[in-house]
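These notes are about the structure you will find just below.
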Amino acid sequence: MKQQLFELQNHQLWGDLDGWLDQGTALNAEDVPAAYRQLCHHLAVARERQYSPALVERLQLLALRLHQRIYGEKGEGLLAALRFLWQGLPRQVRSEWRLVAMSSLLFFGTWIAAFLMVRAHPNLVHLMLSPEAAAKYVQMYDPKIPVAGATGATRDVMMFGWYIYNNIGIDFQIFASGLLAGVGPLFFLPFNGLHGGTVMAHLTNKGLTSTFYGFISGHSSFELIGAVLSGAGGLRMGLSLMHPGRRSRLTSLREGARQGASLLFGAAVLTFIAACFEGFWSGNAIVHWKVKVAVGLVFWVLLILWLLLAGRRDR
Amino acid sequence: MKAIDTVRTIETPEGVELNLRPAGPVVRLWALFVDQVIVWMVLMFAAFGLAFLGPLGLGLWFILMFLAQWLYPVFFEVMGGGRTLGKRWLGLRVIMADGRPIGWGPSLIRNLLRVVDGLPGAYTVGLVSLLLTRNFQRIGDLAAGTLVVHEQSSVFAPVLPEVEPVPLAQPLTLEEQSAILSFAERSPRLTSARAEELADVLSPMTGARGSEGLKVLLGMARYLWGGQ
């Protein structure tokens, strides 16, 4: 068949597909797949018969655009994202329980160890903190100076912005550095754990319990579990790269990155919630500190129960 | 395809092959540069505006900075058909390695892993990875399974010059026929002197030179295309 006849017979179909891509008119959605398969056939025929390169290029571009439209992932939507957070994330955490446990151990283990050691030997604080830094922490939680965030709504927003920028950024960094064979989380998690535990013990030694525990308890569960999950996500990625099993290394890395990123997504949301509490609740001086500690403990229990139990039915 | 071309061919479930053209390091660095300029301009102007709001403004600026640093490329890649503003400017597009449009998950992965690609500074790891992989993929692209390709601008349907069809004097291979057609489609965009000069190369076949030879060659193209 000559090219002219070929074009004459089929240009209606190509024009319709083009119109559908641009405006969504000219074709009913249910007719598109059949028309697209027809177009693919035309493309193959045009190549085989060596019709002019311009025609082949035109057809292949049209086919590429349709391929992207037809096989494109439909946006998962807000509802699906919320469902993932509510049910998918706990499932993911449980299926990766070894890595989550490892990450928790690296973080909470070093936290508790540092806390106990500095409680027993207060001078050990200087292993982790410079004298200036230690003094700054003491000053921050001195009851005579107003607590951070307690000086009005605009200051609350400022701290909220800072917590978002800094804390979620740290989550992202821990995750990404996991690609380096998992070395990132293996460093960042113990480092932050030692630092946190040391500060906690140091302030307890100084007798600043009411301000310190009153401030941190409200958001601690969200923020610390968020850090653990982003660490677990990073470890997942690094481990998939190091230990691909029967898959090719690249396939394994891709799969690991996908799973790790869903853990990270959960971690980022938890850290965001933590920033909300930290900005607008933790600093308030109206509620008694013991009430705030109680609220914080309730959140810990609820979060752990959620991670253990949610999404077990209804698969 | 020639061995030295950087064309990636994907095969669709319908059994046809589609060609993608991965973009190299230089043009991608330019796109990155444009993106960075835009982001920092916005952050700077926002800083001037928000400075009037005191601590409240500072808080909002921190949030803006977080969004700009981490989520700006993700948002534009997913909502803008794989194009951040810089990529749009330079005619690039991020797609999945199998040709599909990019979604939230892969975009998040490839952009967060800029942290690794940026090591130890100035995107060194990313650049080395780009040069070592067949399809110019940095580490983030490898982990997310994505590809940065040159946008293929839509091709207009060429019109062959209206001349009397001339039957071929001798049999030609399909490739040669295709070359003649291609020349005829391109000829309206050439000056007549250049078109005639090119047609003269085939004067042994057309049997004429100059404008006469061009006319015969275009006529052959018309004949090959299907004119009777």
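Chain labels run A, B, ... following the order of the structure tokens; each chain numbers its residues from 1, and ligands are numbered from 1 in the order shown.
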What are the closest atom pairs, with distances in Å to one decimal, for all residues of range 134-215 of chain A lying within 12 Å of range 293-307 of chain A? Consider only C-alpha atoms, order rows by chain and residue number, and present the result as CSV.
```
residue,atom,partner,partner_atom,distance
A:Thr209,CA,A:Val293,CA,10.6
A:Ser210,CA,A:Val293,CA,9.3
A:Thr211,CA,A:Val293,CA,10.5
A:Phe212,CA,A:Val293,CA,10.1
A:Tyr213,CA,A:Val293,CA,6.6
A:Gly214,CA,A:Val293,CA,5.8
A:Phe215,CA,A:Val293,CA,8.4
```
If DSSP is run on the backbone, what residues of range 40-191 of chain B are alpha helix (DSSP H)? A reply as a PyMOL selection string would be ideal.
chain B and resi 40-50+55-66+72-79+85-90+104-112+114-117+124-132+139-144+174-186
What are the closest atom pairs, with distances in Å to one decimal, for each residue of chain A lying within 6 Å of chain B, using only C-alpha atoms, rows by chain and rising residue number, as a Markdown table?
```
| residue | atom | partner | partner_atom | distance |
| --- | --- | --- | --- | --- |
| A:Lys2 | CA | B:Gly226 | CA | 4.7 |
| A:Gln3 | CA | B:Trp225 | CA | 4.9 |
| A:Gln4 | CA | B:Gly226 | CA | 4.8 |
| A:Gln50 | CA | B:Ser178 | CA | 6.0 |
| A:Ser52 | CA | B:Ser178 | CA | 5.1 |
| A:Arg58 | CA | B:Val155 | CA | 5.7 |
| A:Gln68 | CA | B:Arg100 | CA | 4.8 |
| A:Gly72 | CA | B:Arg100 | CA | 5.3 |
| A:Thr154 | CA | B:Leu56 | CA | 4.6 |
| A:Arg155 | CA | B:Pro55 | CA | 5.5 |
| A:Val157 | CA | B:Gly59 | CA | 5.3 |
| A:Met158 | CA | B:Gly59 | CA | 3.4 |
| A:Gly161 | CA | B:Gly59 | CA | 4.2 |
| A:Trp162 | CA | B:Phe62 | CA | 5.6 |
| A:Tyr165 | CA | B:Phe66 | CA | 4.8 |
| A:Ala176 | CA | B:Leu113 | CA | 5.3 |
| A:Leu253 | CA | B:Ala143 | CA | 5.8 |
| A:Arg254 | CA | B:Ala143 | CA | 4.7 |
```
Within 7 Å of Leu235 in chain A, counting only C-alpha atoms, which residues show up once you throw out same-chain ones fewer than 2 positions away? Write them as a list of chain:residue names, please.
A:Leu99, A:Gly178, A:Gly182, A:Pro185, A:Gly231, A:Ala232, A:Gly233, A:Met237, A:Gly238, A:Leu239
Report as a tab-separated table (two decimals) with C-alpha atoms, in the first residue's frame all protein, DNA and RNA residues lying within 7 Å of Gly266 in chain A, evaluated on only C-alpha atoms, omitting residues in the same chain fewer than 4 positions from it.
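Final output, around_11.tsv:
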```
chain	number	residue	atom	x	y	z
A	85	LEU	CA	-1.81	6.13	57.04
A	89	LEU	CA	1.40	2.06	57.76
A	262	SER	CA	6.14	4.53	52.62
A	270	LEU	CA	4.00	11.78	62.63
```
